[in-house]
Amino acid sequence: MRLEALVFDAYGTLYDVHSVVRGCERLFAGRGTELSRLWRAKQLEYTWLRSLMGRYAPFSAVTRDALAHACEALGLELAREGADALMAEYLSLDAYAEVPKAFSSLAGIKKAILSNGSPDMLEPLVAHSGLQLDAVISVDELKLYKPAPQVYELAVRRLDVPKERIGFVSSNCWDALGAKSFGFTVFWVNRAGAPLERLGFEPDRVLAGLDEILL
């Protein structure tokens, strides 16, 4: 069945979350990579825990809390000005090098972002990158994070396309498999060559980069 829309995860899929390393290095020379990795891990962990607790907070708040925890865990003293500067890095993350070419080859199909990101983070980021999208959808509408199935339903409603005709693209395996469980055709962008998560599902295709998407 021909796909009518592609829905992309944002962080780690279109945009490199670890491009914040530059800002981390400016504040904490020699510790930037370590901080970026722990920050990202805690950011994801907090979204899952908050969903399970039924205690939603916007992604911007979750991201700031994860940064504070990561710095404390690593023994790094983070002042308010430094936290603000690192949070600002998320508004201008680097798009992966193949993203513009991939998007130019996907003319004639609806393209959207479905992200855990809150609007105050997503809107400036998309504007900065210049990507042309039919919709930018945030979980903030539901106050619930991926991989809850209700989140993937948001794309069906916003794009007015049946889930059987939507392809979902993510570099996060847990997200890709959450979308597969929901019923999307799934493309897992496995840039790192990671093993498949054992969650009872498999993606329809595994890609090394977005430029390998062929419809």
# chains A, B, ... in the order shown; residues from 1 in each chain; ligands from 1
call {"tool": "residues_around", "arguments": {"residues": "A:Ala102", "least_positions_apart": "4", "cutoff": "12 Å", "atoms": "only C-alpha atoms", "output": "list in words"}}
result
Leu6, Phe8, Leu14, Ala95, Tyr96, Ala97, Glu98, Leu106, Ala107, Lys111, Leu131, Gln132, Gly209, Leu210, Asp211, Glu212, Ile213, Leu214 and Leu215 of chain A
call {"tool": "residues_around", "arguments": {"residues": "A:Trp39", "least_positions_apart": "3", "cutoff": "12 Å", "atoms": "only C-alpha atoms", "output": "short mmCIF file (atom, residue, chain, number, x, y, z; two decimals) with C-alpha atoms, in the first residue's frame"}}
result
data_model
loop_
_atom_site.label_atom_id
_atom_site.label_comp_id
_atom_site.auth_asym_id
_atom_site.auth_seq_id
_atom_site.Cartn_x
_atom_site.Cartn_y
_atom_site.Cartn_z
CA VAL A 17 21.07 16.18 20.00
CA HIS A 18 24.79 15.79 20.60
CA VAL A 20 25.15 20.48 22.17
CA VAL A 21 28.64 19.12 22.89
CA CYS A 24 29.02 21.84 26.89
CA ARG A 31 33.71 17.00 29.76
CA GLY A 32 31.37 17.98 26.94
CA THR A 33 30.78 14.55 25.43
CA GLU A 34 30.27 12.95 28.82
CA LEU A 35 27.79 15.63 29.85
CA SER A 36 25.88 15.47 26.58
CA LYS A 42 18.27 11.45 31.77
CA GLN A 43 16.06 13.48 29.45
CA LEU A 44 14.58 10.31 27.97
CA GLU A 45 14.36 8.55 31.34
CA TYR A 46 12.40 11.44 32.82
CA VAL A 62 12.20 17.91 31.67
CA THR A 63 15.28 18.84 29.64
CA ARG A 64 16.35 21.49 32.15
CA ASP A 65 15.86 19.06 35.06
CA ALA A 66 17.87 16.38 33.23
CA LEU A 67 20.69 18.88 32.67
CA ALA A 68 20.77 19.81 36.35
CA HIS A 69 20.88 16.17 37.40
CA ALA A 70 23.60 15.30 34.88
CA CYS A 71 25.80 18.17 36.03
CA GLU A 72 25.38 17.26 39.69
CA ALA A 73 26.10 13.59 38.96
CA LEU A 74 29.30 14.55 37.15
CA ALA A 83 21.99 26.38 32.16
CA LEU A 86 22.92 25.12 27.20
CA MET A 87 19.14 25.09 26.93
#
call {"tool": "residues_around", "arguments": {"residues": "A:Ala5", "least_positions_apart": "3", "cutoff": "6 Å", "atoms": "only C-alpha atoms", "output": "JSON, numbers by chain"}}
result
{"A": [109, 110, 111, 166]}
call {"tool": "write_last_selection", "arguments": {"atoms": "N, CA and C atoms", "output": "PDB file, in the first residue's frame"}}
result
ATOM      1  N   ILE A 109       4.731  14.001  -1.005  1.00  0.00           N
ATOM      2  CA  ILE A 109       4.211  13.239   0.125  1.00  0.00           C
ATOM      3  C   ILE A 109       4.174  14.153   1.351  1.00  0.00           C
ATOM      4  N   LYS A 110       3.156  14.019   2.154  1.00  0.00           N
ATOM      5  CA  LYS A 110       3.067  14.831   3.367  1.00  0.00           C
ATOM      6  C   LYS A 110       4.213  14.476   4.306  1.00  0.00           C
ATOM      7  N   LYS A 111       4.781  15.508   4.929  1.00  0.00           N
ATOM      8  CA  LYS A 111       5.876  15.310   5.874  1.00  0.00           C
ATOM      9  C   LYS A 111       5.563  16.069   7.166  1.00  0.00           C
ATOM     10  N   ILE A 166       0.670   5.721   6.666  1.00  0.00           N
ATOM     11  CA  ILE A 166       1.669   6.604   7.262  1.00  0.00           C
ATOM     12  C   ILE A 166       2.936   5.818   7.539  1.00  0.00           C
TER      13      ILE A 166
END
call {"tool": "closest_residue", "arguments": {"among": "A:Pro124, A:Gly12, A:Gly130, A:Gly167", "to": "A:Asp204", "atoms": "only C-alpha atoms"}}
result
A:Gly167
call {"tool": "residues_around", "arguments": {"residues": "A:Ala192", "least_positions_apart": "5", "cutoff": "12 Å", "atoms": "only C-alpha atoms", "output": "PyMOL selection string"}}
result
chain A and resi 12-13+171-173+206-209
call {"tool": "atom_distance", "arguments": {"atom1": "atom CA of A:Leu125", "atom2": "atom CA of A:Ile137"}}
result
13.1 Å
call {"tool": "select_by_dssp", "arguments": {"residues": "stretch 30-207 of chain A", "states": "alpha helix (DSSP H)", "output": "PyMOL selection string"}}
result
chain A and resi 32-53+59-73+80-89+99-104+119-129+149-159+173-182
call {"tool": "decode", "arguments": {"residues": "stretch 193-206 of chain A", "atoms": "all heavy atoms", "output": "compact mmCIF listing (two decimals), in the first residue's frame"}}
result
# COMPACT_ATOMS: atom_id res chain seq x y z
N GLY A 193 24.48 1.39 14.22
CA GLY A 193 24.57 -0.06 14.12
C GLY A 193 24.22 -0.77 15.41
O GLY A 193 24.81 -1.80 15.76
N ALA A 194 23.26 -0.22 16.14
CA ALA A 194 22.86 -0.77 17.45
C ALA A 194 22.02 -2.03 17.27
O ALA A 194 21.36 -2.21 16.24
CB ALA A 194 22.08 0.27 18.23
N PRO A 195 21.99 -2.91 18.27
CA PRO A 195 21.12 -4.09 18.19
C PRO A 195 19.66 -3.69 18.38
O PRO A 195 19.35 -2.66 18.99
CB PRO A 195 21.60 -4.96 19.35
CG PRO A 195 22.20 -4.01 20.33
CD PRO A 195 22.80 -2.90 19.51
N LEU A 196 18.77 -4.50 17.85
CA LEU A 196 17.34 -4.25 17.98
C LEU A 196 16.90 -4.43 19.42
O LEU A 196 17.28 -5.39 20.08
CB LEU A 196 16.57 -5.23 17.08
CG LEU A 196 15.05 -5.09 17.04
CD1 LEU A 196 14.66 -3.83 16.28
CD2 LEU A 196 14.43 -6.32 16.37
N GLU A 197 16.07 -3.49 19.91
CA GLU A 197 15.49 -3.64 21.24
C GLU A 197 14.53 -4.83 21.25
O GLU A 197 13.82 -5.07 20.27
CB GLU A 197 14.74 -2.36 21.64
CG GLU A 197 15.60 -1.12 21.71
CD GLU A 197 16.52 -1.10 22.91
OE1 GLU A 197 16.47 -2.03 23.73
OE2 GLU A 197 17.30 -0.13 23.04
N ARG A 198 14.50 -5.55 22.35
CA ARG A 198 13.62 -6.72 22.47
C ARG A 198 12.27 -6.29 23.03
O ARG A 198 12.01 -6.38 24.23
CB ARG A 198 14.27 -7.76 23.40
CG ARG A 198 15.15 -8.77 22.70
CD ARG A 198 16.30 -8.17 21.93
NE ARG A 198 17.23 -9.22 21.48
CZ ARG A 198 18.32 -8.97 20.80
NH1 ARG A 198 18.63 -7.72 20.48
NH2 ARG A 198 19.12 -9.95 20.42
N LEU A 199 11.41 -5.80 22.16
CA LEU A 199 10.10 -5.30 22.57
C LEU A 199 8.96 -6.00 21.83
O LEU A 199 7.81 -5.56 21.92
CB LEU A 199 10.02 -3.78 22.35
CG LEU A 199 10.92 -2.94 23.26
CD1 LEU A 199 10.89 -1.48 22.84
CD2 LEU A 199 10.51 -3.09 24.72
N GLY A 200 9.27 -7.07 21.11
CA GLY A 200 8.23 -7.86 20.47
C GLY A 200 7.85 -7.42 19.07
O GLY A 200 6.93 -7.99 18.47
N PHE A 201 8.53 -6.41 18.54
CA PHE A 201 8.25 -5.92 17.19
C PHE A 201 9.55 -5.67 16.46
O PHE A 201 10.61 -5.53 17.08
CB PHE A 201 7.43 -4.62 17.24
CG PHE A 201 6.04 -4.80 17.76
CD1 PHE A 201 5.77 -4.67 19.12
CD2 PHE A 201 4.99 -5.13 16.91
CE1 PHE A 201 4.49 -4.86 19.62
CE2 PHE A 201 3.72 -5.31 17.39
CZ PHE A 201 3.46 -5.17 18.75
N GLU A 202 9.46 -5.57 15.14
CA GLU A 202 10.61 -5.22 14.31
C GLU A 202 10.21 -4.12 13.34
O GLU A 202 9.06 -4.07 12.89
CB GLU A 202 11.11 -6.43 13.52
CG GLU A 202 11.67 -7.54 14.39
CD GLU A 202 12.29 -8.67 13.57
OE1 GLU A 202 12.35 -8.52 12.32
OE2 GLU A 202 12.71 -9.66 14.17
N PRO A 203 11.13 -3.22 12.98
CA PRO A 203 10.81 -2.21 11.98
C PRO A 203 10.63 -2.84 10.61
O PRO A 203 11.12 -3.96 10.36
CB PRO A 203 12.04 -1.29 12.02
CG PRO A 203 13.15 -2.17 12.49
CD PRO A 203 12.52 -3.15 13.45
N ASP A 204 9.95 -2.14 9.73
CA ASP A 204 9.80 -2.65 8.36
C ASP A 204 11.10 -2.53 7.59
O ASP A 204 11.40 -3.38 6.75
CB ASP A 204 8.68 -1.87 7.66
CG ASP A 204 7.34 -2.13 8.30
OD1 ASP A 204 6.72 -3.17 7.98
OD2 ASP A 204 6.92 -1.33 9.16
N ARG A 205 11.84 -1.47 7.86
CA ARG A 205 13.14 -1.30 7.21
C ARG A 205 14.12 -0.67 8.18
O ARG A 205 13.74 0.15 9.02
CB ARG A 205 13.03 -0.41 5.96
CG ARG A 205 12.36 -1.10 4.77
CD ARG A 205 12.55 -0.28 3.51
NE ARG A 205 13.96 -0.09 3.21
CZ ARG A 205 14.44 0.91 2.46
NH1 ARG A 205 13.62 1.79 1.93
NH2 ARG A 205 15.72 1.03 2.24
N VAL A 206 15.37 -1.07 8.07
CA VAL A 206 16.45 -0.48 8.86
C VAL A 206 17.34 0.31 7.90
O VAL A 206 17.77 -0.23 6.87
CB VAL A 206 17.27 -1.55 9.60
CG1 VAL A 206 18.39 -0.90 10.40
CG2 VAL A 206 16.36 -2.38 10.52
